[in-house]
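*Asks:* This is the structure I want to talk about, given as structure tokens.
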Amino acid sequence: MNLFDVYPLFDIAIERGKGCKVWDEKGQEYLDLYGGHAVISIGHCHPHYIDMLTQQLNKLGFYSNSVINPLQQQLAQRLGKACGYEDYSLFLVNSGAEANENAMKLASFYNGRTRILSLEKAFHGRTSLAVEVTANPKIIAPINANGHVTYLPLNDLDAWRQELEKGDVCACIIECIQGVGGIRIVSREFMQGLRQLCDETNTILICDEIQCGYGRSGKFFAHQWYDIKPDLITVAKGIGNGFPMSGVLIAPKFQAVYGQLGTTFGGNHLACTAALAVLDVMESEHLVENADKVGSYLIAELKKLVGSYHIVDVRGEGLMIGIELDIPYKEPRTRLIKEQHCFTGCSGTNVIRLLPPLCLSMDEAQQFIEKFKQVLS
Ligand SMILES: Cc1ncc(COP(=O)(O)O)c(C=O)c1O
């Protein structure tokens, strides 16, 4: 059997990792400014993470959601405290798309409506409703195009107001920093205005923090830069440092109903252990603060280069950074890997996207800038 060939691959197999470095099968070292697509939060192969998962694997790998799992309860408490949402509830699932599906389902159960407002260039996943709210017609199959969604421009509050005032919108779903969309950031006025409009129209506000959350922006959640509270927050990627896991943080106004939501694998013992280990390390190594410090440095240094090295704009918060070029990213990104041994992400056609582990050091940030200059000089 062959693999279903949907990924354009670099001809490299990554075999092992440590912190912000990975090595290929030939022993070549790479600096990782990509974090396996924003997934590696505490760094590759952190010893505490390995210890906790090994111990749990020796005790119990899995049992079902029909019995108490104290690890889920611990995680809910620890996460509530870490992010400042102790009064919210946690529903655990397995992937970002699944978290968004469940968030939109909860919103619709809550107000009985079926329309969703989403941002132009949004990305929320590839399953049925998650892909329908993703503003990319190429990945929406006819069976997913069910007319639930209106896409609206970034930061154009009047356009959102016009739709919300019709009184039939179930939910607004927003990435406060768009990832796939090219590191486009919502404004404070927009987010605060949207929160108010949602309150006035009984519409649910969902913040998709799958890429921009979990410390990446330099606060636990990116929406916390705007002093607003969403009704539902979705998390994935960094929560398990590579262990597939996701969750929905749910405001107290939602009532849990037996059987309304569910999953076989969600919140299993290994996943919860991974997530607890991640929170331990995030706290003990102050990784949210590190993302803010090292990210601010990287952004400031890169901004100094605007107008040279093909850079036209630098956008981002913390360790979620977009470098917009006046040329396609393809060649420099490939040369960064092949010649400078450095992984980065990308968006659209011209944006290099940085999503490193949150433990990136100042020294590694400087190394990246040198490598970048080498390739783009
Ligand atoms: C903002 C955002 N939402 C949702 C998803 C989907 O997550 P998953 O691939 O785990 O389903 C992604 C993945 O890149 C994402 O960046």
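Each chain of the structure tokens is named A, B, ... in the order shown, its residues numbered from 1; ligands are numbered from 1 in display order.
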Give the residue list for ligand 1 at 7 Å, counting only C-alpha atoms and all ligand atoms, as a list in words, sorted by chain and then by residue number.

*Replies:*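 With only C-alpha atoms and all ligand atoms and a cut-off of 7 Å, ligand 1 is contacted by Ser95, Gly96, Ala97, Glu98, Phe123, His124, Gly125, Arg126, Glu175, Gln178, Gly179, Val180, Asp208, Glu209, Ile210, Gln211, Ala236 and Lys237 of chain A.
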
*Asks:* Within 9 Å of A:Ser308, counting only C-alpha atoms, which residues show up once you throw out same-chain ones fewer than 3 positions away? Write them as a ChimeraX atom specification, please.

*Replies:* /A:304-305,311-312,376-377

*Asks:* Among stretch 65-226 of chain A, which residues carry a DSSP assignment of alpha helix (DSSP H), reported as a ChimeraX atom specification?

*Replies:* /A:70-83,96-111,128-132,157-164,188-200

*Asks:* Which of stretch 252-346 of chain A end up as strand (DSSP E or B) when DSSP is run on this backbone - answer as a PDB file with C-alpha atoms, in the first residue's frame?

*Replies:*
ATOM      1  CA  ILE A 311      11.261  42.261   3.918  1.00  0.00           C
ATOM      2  CA  VAL A 312       8.180  44.447   3.460  1.00  0.00           C
ATOM      3  CA  ASP A 313       6.474  43.858   6.818  1.00  0.00           C
ATOM      4  CA  VAL A 314       6.942  42.055  10.138  1.00  0.00           C
ATOM      5  CA  ARG A 315       3.835  41.176  12.190  1.00  0.00           C
ATOM      6  CA  GLY A 316       3.147  39.133  15.283  1.00  0.00           C
ATOM      7  CA  GLU A 317       2.992  38.783  19.046  1.00  0.00           C
ATOM      8  CA  MET A 320       4.040  33.813  16.419  1.00  0.00           C
ATOM      9  CA  ILE A 321       5.683  35.960  13.793  1.00  0.00           C
ATOM     10  CA  GLY A 322       5.086  36.634  10.092  1.00  0.00           C
ATOM     11  CA  ILE A 323       7.833  38.050   7.862  1.00  0.00           C
ATOM     12  CA  GLU A 324       6.246  39.300   4.656  1.00  0.00           C
ATOM     13  CA  LEU A 325       8.624  39.348   1.685  1.00  0.00           C
ATOM     14  CA  CYS A 342      16.748  25.938   9.856  1.00  0.00           C
ATOM     15  CA  PHE A 343      13.032  25.061   9.703  1.00  0.00           C
ATOM     16  CA  GLY A 345       6.699  27.806   8.456  1.00  0.00           C
ATOM     17  CA  CYS A 346       4.963  29.819   5.754  1.00  0.00           C
TER      18      CYS A 346
END

*Asks:* In Å, how far is it from atom CA of A:Ala13 to atom CA of A:Glu25?

*Replies:*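 Between atom CA of A:Ala13 and atom CA of A:Glu25 the gap is 6.1 Å.
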
*Asks:* Counting only C-alpha atoms, what is within 12 Å of A:Tyr85, bar same-chain residues fewer than 5 positions away, as a ChimeraX atom specification?

*Replies:* /A:76-80,90,220-221,224,229-233,248-252

*Asks:* Measuring between only C-alpha atoms, which one of A:Leu354, A:Val375, A:Val149, A:Asp363 shows the shortest distance to A:Leu336?

*Replies:*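 Nearest to A:Leu336: A:Val375.
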
*Asks:* Provide the atom CA of A:Pro328 to atom CA of A:Leu358 distance in Å, to one decimal place.

*Replies:*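 Atom-to-atom, atom CA of A:Pro328 and atom CA of A:Leu358 are spaced 27.0 Å apart.
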
*Asks:* Name the residues in contact with A:Gln72 at a cut-off of 10 Å, using only C-alpha atoms, excluding same-chain residues fewer than 5 positions from it; report them as a PyMOL selection string.

*Replies:* chain A and resi 77-78+90-92+266-269+271-273+275-276

*Asks:* Counting only C-alpha atoms, figure out which residue out of A:Lys330, A:Arg184, A:His46, A:Lys219 gets nearest to A:Val281.

*Replies:*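 Of A:Lys330, A:Arg184, A:His46, A:Lys219, the one nearest A:Val281, counting only C-alpha atoms, is A:His46.
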
*Asks:* So, counting only C-alpha atoms, which residue among A:Thr201, A:Asn144, A:Asn100, A:Asn136 is closest to A:Leu164?

*Replies:*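 Among the listed residues, the smallest separation from A:Leu164 belongs to A:Thr201.
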